[in-house]
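Some notes on the structure that comes next.
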Amino acid sequence: MSGIIGKKIGMTSIYSADGTSVPCTVVEAGPCVVTQVKTVETDGYVAVQLAYGDAKEKNAPKALLGHLKKAGTTAKRKLVEFKDFANAVNLGDTITVADVFKEGEFVDAVGTSKGKGFQGVVKRHGFSGVGGQTHGQHNRQRHPGSVGASSFPSRVFPGTRMAGRTGGDRVTIQNLKVIRVIPEQNLILISGSVPGAKNSLVILQK
Amino acid sequence: MSEIIKMVEAEYSEKRAGIPAFKSGDTINVHVKIREGNKERIQQFQGTVIQRKNPNTNGETFTVRKVSNSVGVERIFPLLSPNIEKIEVIRRGVVRRARLYYLKGKSGKAARIKEDKR
């Protein structure tokens, strides 16, 4: 699985040749540094570890700085491992977006969704609510209704969907089409939306 | 808007510069490319601009209204669409609002717009 780490910039739209407007997300992807190459002999599996984004050296743990020093690089914001990386890479190489992705390919985008705080079941789980405000309906339009039966089983089953903290989860969106790759600015345009807020980290993989 | 987004949208700046300035109340003639099988032809749609939406973005659209055989017809065009061959401004109008929804309920003499003779 090849991939790259990036930062979500925002959304715009691009017209395709037949005139349809394609909504797309602009992601600043890479350049990433190869910080570790794992092999079957040393680690038992094949993987490549990439690092993206500059961080302040004073905020980085010393152990991490030592690890990054082996690759000849400075403090980074995020390290991600990709199993079975398609390109042959060496420690310390720089990977750019054009090395990994081409226009027309389908990629998966992984990000942390926007936090929504404590939300009810209508927003959190897509319950439909009560549906009407008349026929004696009082003040429970967006309530979950019954959460189970009575004396049998005398308890609520684990996993019953209820209100709670919403968003802020790791979310993967699969099969998003690459609309454009702009290697000069390390940009990639992906059809559709990508989880997370602007400036949040996004992992693109295929 | 982010500088990077502006840079991505800059690829349409040449096309945007080639479009004449028009606003709500103007009468324009839009030349639209129509594809029928392998053939391509140009269809014209002439009417009053009743709104422009999402200005200065790639998704900018405008709505043109005309009355055809006493039936009101409204068409929404994406401003930067490659299917729009040309836009001609026929007549400039004086209106006091950006969205001319009030024209929908009017017909004949009541639906006139004063010409801007400046």
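By order of appearance in the structure tokens: chains A, B, ..., then residues from 1 within every chain, and ligands from 1 in the order shown.
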Chain B near chain A within 8 Å: what's each residue's closest atom pair and its distance in Å to one decimal, counting only C-alpha atoms, ordered by chain then ascending residue number, as a Markdown table?
```
| residue | atom | partner | partner_atom | distance |
| --- | --- | --- | --- | --- |
| B:Ser2 | CA | A:Ile9 | CA | 7.5 |
| B:Ile4 | CA | A:Ile9 | CA | 7.5 |
| B:Ile5 | CA | A:Gly10 | CA | 7.0 |
| B:Glu9 | CA | A:Thr12 | CA | 7.6 |
| B:Thr57 | CA | A:Thr12 | CA | 7.8 |
| B:Asn58 | CA | A:Ser13 | CA | 5.7 |
| B:Gly59 | CA | A:Ser13 | CA | 6.2 |
| B:Leu80 | CA | A:Tyr15 | CA | 7.9 |
| B:Ser81 | CA | A:Gly19 | CA | 5.5 |
| B:Pro82 | CA | A:Gly19 | CA | 5.4 |
| B:Asn83 | CA | A:Gly19 | CA | 5.7 |
```
(message) So that I can check the surroundings of A:Arg180, please list as a list in words every protein, DNA and RNA residue that reaches within 8 Å of it, counting only C-alpha atoms and ignoring chain neighbours fewer than 4 positions away.
(response) Lys102, Glu103, Gly104, Ile188, Leu189 and Ile190 of chain A
Would you write out those residues with N, CA and C atoms, as a PDB file, in the first residue's frame?
```
ATOM      1  N   LYS A 102      -1.036   9.474  -9.508  1.00  0.00           N
ATOM      2  CA  LYS A 102      -1.229  10.016 -10.852  1.00  0.00           C
ATOM      3  C   LYS A 102      -2.688  10.429 -11.000  1.00  0.00           C
ATOM      4  N   GLU A 103      -2.953  11.300 -11.969  1.00  0.00           N
ATOM      5  CA  GLU A 103      -4.327  11.715 -12.220  1.00  0.00           C
ATOM      6  C   GLU A 103      -5.176  10.520 -12.649  1.00  0.00           C
ATOM      7  N   GLY A 104      -6.412  10.470 -12.175  1.00  0.00           N
ATOM      8  CA  GLY A 104      -7.328   9.403 -12.569  1.00  0.00           C
ATOM      9  C   GLY A 104      -7.292   8.201 -11.660  1.00  0.00           C
ATOM     10  N   ILE A 188      -2.465  18.092  -4.395  1.00  0.00           N
ATOM     11  CA  ILE A 188      -3.254  17.065  -5.066  1.00  0.00           C
ATOM     12  C   ILE A 188      -4.723  17.428  -4.882  1.00  0.00           C
ATOM     13  N   LEU A 189      -5.492  17.314  -5.957  1.00  0.00           N
ATOM     14  CA  LEU A 189      -6.919  17.621  -5.908  1.00  0.00           C
ATOM     15  C   LEU A 189      -7.679  16.311  -5.974  1.00  0.00           C
ATOM     16  N   ILE A 190      -8.526  16.081  -4.961  1.00  0.00           N
ATOM     17  CA  ILE A 190      -9.244  14.827  -4.846  1.00  0.00           C
ATOM     18  C   ILE A 190     -10.730  15.106  -4.962  1.00  0.00           C
TER      19      ILE A 190
END
```
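Across the model, the gap from atom CA of B:Ser24 to atom CA of B:Val95 is 7.3 Å.
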(request) Please identify all polymer residues within 10 Å of B:Asn56, counting only C-alpha atoms, omitting same-chain residues fewer than 4 positions from it, and present them as a list of chain:residue names. (result) B:Lys6, B:Glu9, B:Ser13, B:Arg16, B:Glu60, B:Thr61, B:Leu79
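Residues within 7 Å of A:Ala51, counting only C-alpha atoms and excluding same-chain residues fewer than 3 positions away, are Cys32, Val33, Val34, Thr35, Lys76, Lys78, Leu79 and Val80 of chain A.
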(request) Mind listing the strand (DSSP E) residues of stretch 80-151 of chain A, per DSSP on the backbone, as JSON, numbers by chain? (result) {"A": [80, 81, 82, 83, 94, 95, 106, 107, 108, 109, 110, 111, 112, 117, 118, 119]}
Output file for the residues above (N, CA, C and O atoms, as a PDB file, in the first residue's frame):
```pdb
ATOM      1  N   VAL A  80       4.101   8.146   9.756  1.00  0.00           N
ATOM      2  CA  VAL A  80       3.122   7.113   9.400  1.00  0.00           C
ATOM      3  C   VAL A  80       3.857   5.992   8.674  1.00  0.00           C
ATOM      4  O   VAL A  80       4.764   6.247   7.879  1.00  0.00           O
ATOM      5  N   GLU A  81       3.420   4.768   8.969  1.00  0.00           N
ATOM      6  CA  GLU A  81       4.031   3.611   8.327  1.00  0.00           C
ATOM      7  C   GLU A  81       3.097   3.070   7.254  1.00  0.00           C
ATOM      8  O   GLU A  81       1.890   2.973   7.465  1.00  0.00           O
ATOM      9  N   PHE A  82       3.639   2.760   6.087  1.00  0.00           N
ATOM     10  CA  PHE A  82       2.859   2.174   4.990  1.00  0.00           C
ATOM     11  C   PHE A  82       3.431   0.795   4.684  1.00  0.00           C
ATOM     12  O   PHE A  82       4.610   0.674   4.361  1.00  0.00           O
ATOM     13  N   LYS A  83       2.579  -0.234   4.774  1.00  0.00           N
ATOM     14  CA  LYS A  83       3.035  -1.588   4.456  1.00  0.00           C
ATOM     15  C   LYS A  83       3.128  -1.750   2.940  1.00  0.00           C
ATOM     16  O   LYS A  83       2.297  -1.227   2.201  1.00  0.00           O
ATOM     17  N   THR A  94      13.386  11.668  -0.201  1.00  0.00           N
ATOM     18  CA  THR A  94      12.220  12.541  -0.145  1.00  0.00           C
ATOM     19  C   THR A  94      11.180  12.014  -1.138  1.00  0.00           C
ATOM     20  O   THR A  94      11.499  11.758  -2.288  1.00  0.00           O
ATOM     21  N   ILE A  95       9.972  11.841  -0.646  1.00  0.00           N
ATOM     22  CA  ILE A  95       8.877  11.348  -1.484  1.00  0.00           C
ATOM     23  C   ILE A  95       7.948  12.533  -1.754  1.00  0.00           C
ATOM     24  O   ILE A  95       7.483  13.179  -0.822  1.00  0.00           O
ATOM     25  N   PHE A 106      -7.600   6.075  -8.005  1.00  0.00           N
ATOM     26  CA  PHE A 106      -8.517   6.143  -6.873  1.00  0.00           C
ATOM     27  C   PHE A 106      -7.727   5.980  -5.582  1.00  0.00           C
ATOM     28  O   PHE A 106      -6.886   5.083  -5.479  1.00  0.00           O
ATOM     29  N   VAL A 107      -7.967   6.856  -4.618  1.00  0.00           N
ATOM     30  CA  VAL A 107      -7.218   6.818  -3.369  1.00  0.00           C
ATOM     31  C   VAL A 107      -8.196   6.757  -2.196  1.00  0.00           C
ATOM     32  O   VAL A 107      -9.381   7.058  -2.332  1.00  0.00           O
ATOM     33  N   ASP A 108      -7.660   6.342  -1.040  1.00  0.00           N
ATOM     34  CA  ASP A 108      -8.415   6.388   0.204  1.00  0.00           C
ATOM     35  C   ASP A 108      -7.860   7.546   1.028  1.00  0.00           C
ATOM     36  O   ASP A 108      -6.650   7.746   1.070  1.00  0.00           O
ATOM     37  N   ALA A 109      -8.726   8.290   1.662  1.00  0.00           N
ATOM     38  CA  ALA A 109      -8.293   9.408   2.497  1.00  0.00           C
ATOM     39  C   ALA A 109      -8.630   9.093   3.949  1.00  0.00           C
ATOM     40  O   ALA A 109      -9.768   8.730   4.259  1.00  0.00           O
ATOM     41  N   VAL A 110      -7.653   9.214   4.823  1.00  0.00           N
ATOM     42  CA  VAL A 110      -7.840   8.956   6.246  1.00  0.00           C
ATOM     43  C   VAL A 110      -7.613  10.258   6.999  1.00  0.00           C
ATOM     44  O   VAL A 110      -6.606  10.930   6.784  1.00  0.00           O
ATOM     45  N   GLY A 111      -8.549  10.626   7.835  1.00  0.00           N
ATOM     46  CA  GLY A 111      -8.387  11.847   8.617  1.00  0.00           C
ATOM     47  C   GLY A 111      -9.167  11.742   9.906  1.00  0.00           C
ATOM     48  O   GLY A 111      -9.868  10.755  10.147  1.00  0.00           O
ATOM     49  N   THR A 112      -9.067  12.765  10.729  1.00  0.00           N
ATOM     50  CA  THR A 112      -9.836  12.832  11.968  1.00  0.00           C
ATOM     51  C   THR A 112     -11.002  13.777  11.745  1.00  0.00           C
ATOM     52  O   THR A 112     -10.788  14.947  11.426  1.00  0.00           O
ATOM     53  N   GLY A 117     -18.880  17.553  19.656  1.00  0.00           N
ATOM     54  CA  GLY A 117     -19.303  17.621  21.048  1.00  0.00           C
ATOM     55  C   GLY A 117     -20.357  16.572  21.363  1.00  0.00           C
ATOM     56  O   GLY A 117     -20.528  15.602  20.630  1.00  0.00           O
ATOM     57  N   PHE A 118     -21.091  16.794  22.447  1.00  0.00           N
ATOM     58  CA  PHE A 118     -22.126  15.849  22.880  1.00  0.00           C
ATOM     59  C   PHE A 118     -23.375  16.066  22.034  1.00  0.00           C
ATOM     60  O   PHE A 118     -23.960  17.145  22.051  1.00  0.00           O
ATOM     61  N   GLN A 119     -23.734  15.079  21.264  1.00  0.00           N
ATOM     62  CA  GLN A 119     -24.871  15.224  20.354  1.00  0.00           C
ATOM     63  C   GLN A 119     -25.917  14.158  20.637  1.00  0.00           C
ATOM     64  O   GLN A 119     -25.599  13.083  21.145  1.00  0.00           O
TER      65      GLN A 119
END
```
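Atom to atom, atom CA of B:Met7 and atom CA of B:Pro78 stand 19.9 Å apart.
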(message) Which residues are close to stretch 44-48 of chain B, i.e. within 7 Å by only C-alpha atoms, leaving aside same-chain residues fewer than 2 positions away? Reply as a list of chain:residue names.
(response) B:Gly25, B:Asp26, B:Thr27, B:Ile28, B:Asn29, B:Val30, B:His31, B:Val32, B:Ile42, B:Ile50, B:Val64, B:Arg65, B:Lys66
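Between atom CA of A:Ile5 and atom CA of A:Leu204 there is a distance of 6.2 Å.
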(request) Using only C-alpha atoms, determine which residues lie at most 12 Å from stretch 38-43 of chain A, disregarding the query and same-chain residues fewer than 5 positions distant; provide the list as number ranges by chain. (result) A: 48-50, 81-85, 88-91
Would you put the residues from that selection into a file with N, CA, C and O atoms, as a PDB file, in the first residue's frame?
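File part21.pdb, as written:
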```
ATOM      1  N   VAL A  48       7.382   0.959   4.992  1.00  0.00           N
ATOM      2  CA  VAL A  48       8.163   2.188   4.861  1.00  0.00           C
ATOM      3  C   VAL A  48       7.548   3.207   5.810  1.00  0.00           C
ATOM      4  O   VAL A  48       6.319   3.356   5.862  1.00  0.00           O
ATOM      5  N   GLN A  49       8.386   3.891   6.566  1.00  0.00           N
ATOM      6  CA  GLN A  49       7.878   4.912   7.483  1.00  0.00           C
ATOM      7  C   GLN A  49       8.183   6.296   6.908  1.00  0.00           C
ATOM      8  O   GLN A  49       9.323   6.573   6.544  1.00  0.00           O
ATOM      9  N   LEU A  50       7.138   7.110   6.797  1.00  0.00           N
ATOM     10  CA  LEU A  50       7.306   8.455   6.243  1.00  0.00           C
ATOM     11  C   LEU A  50       7.038   9.495   7.327  1.00  0.00           C
ATOM     12  O   LEU A  50       6.236   9.262   8.244  1.00  0.00           O
ATOM     13  N   GLU A  81       3.420   4.768   8.969  1.00  0.00           N
ATOM     14  CA  GLU A  81       4.031   3.611   8.327  1.00  0.00           C
ATOM     15  C   GLU A  81       3.097   3.070   7.254  1.00  0.00           C
ATOM     16  O   GLU A  81       1.890   2.973   7.465  1.00  0.00           O
ATOM     17  N   PHE A  82       3.639   2.760   6.087  1.00  0.00           N
ATOM     18  CA  PHE A  82       2.859   2.174   4.990  1.00  0.00           C
ATOM     19  C   PHE A  82       3.431   0.795   4.684  1.00  0.00           C
ATOM     20  O   PHE A  82       4.610   0.674   4.361  1.00  0.00           O
ATOM     21  N   LYS A  83       2.579  -0.234   4.774  1.00  0.00           N
ATOM     22  CA  LYS A  83       3.035  -1.588   4.456  1.00  0.00           C
ATOM     23  C   LYS A  83       3.128  -1.750   2.940  1.00  0.00           C
ATOM     24  O   LYS A  83       2.297  -1.227   2.201  1.00  0.00           O
ATOM     25  N   ASP A  84       4.094  -2.552   2.502  1.00  0.00           N
ATOM     26  CA  ASP A  84       4.268  -2.903   1.087  1.00  0.00           C
ATOM     27  C   ASP A  84       4.227  -1.682   0.186  1.00  0.00           C
ATOM     28  O   ASP A  84       3.410  -1.592  -0.728  1.00  0.00           O
ATOM     29  N   PHE A  85       5.114  -0.740   0.458  1.00  0.00           N
ATOM     30  CA  PHE A  85       5.195   0.483  -0.355  1.00  0.00           C
ATOM     31  C   PHE A  85       5.632   0.118  -1.765  1.00  0.00           C
ATOM     32  O   PHE A  85       6.581  -0.655  -1.946  1.00  0.00           O
ATOM     33  N   ALA A  88      10.522   1.662  -4.666  1.00  0.00           N
ATOM     34  CA  ALA A  88      11.726   1.261  -3.957  1.00  0.00           C
ATOM     35  C   ALA A  88      12.362   2.513  -3.368  1.00  0.00           C
ATOM     36  O   ALA A  88      12.670   3.464  -4.099  1.00  0.00           O
ATOM     37  N   VAL A  89      12.507   2.558  -2.039  1.00  0.00           N
ATOM     38  CA  VAL A  89      13.026   3.769  -1.390  1.00  0.00           C
ATOM     39  C   VAL A  89      14.163   3.422  -0.449  1.00  0.00           C
ATOM     40  O   VAL A  89      14.285   2.289   0.025  1.00  0.00           O
ATOM     41  N   ASN A  90      14.989   4.407  -0.180  1.00  0.00           N
ATOM     42  CA  ASN A  90      16.073   4.273   0.780  1.00  0.00           C
ATOM     43  C   ASN A  90      15.844   5.245   1.923  1.00  0.00           C
ATOM     44  O   ASN A  90      15.093   6.219   1.790  1.00  0.00           O
ATOM     45  N   LEU A  91      16.527   4.988   3.034  1.00  0.00           N
ATOM     46  CA  LEU A  91      16.447   5.857   4.202  1.00  0.00           C
ATOM     47  C   LEU A  91      16.892   7.272   3.817  1.00  0.00           C
ATOM     48  O   LEU A  91      17.916   7.454   3.168  1.00  0.00           O
TER      49      LEU A  91
END
```
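Using only C-alpha atoms for every distance, the candidate list A:Gln36, A:Gln141, A:Ser113, A:Ser151 yields A:Ser113 as the residue closest to A:Ala197.
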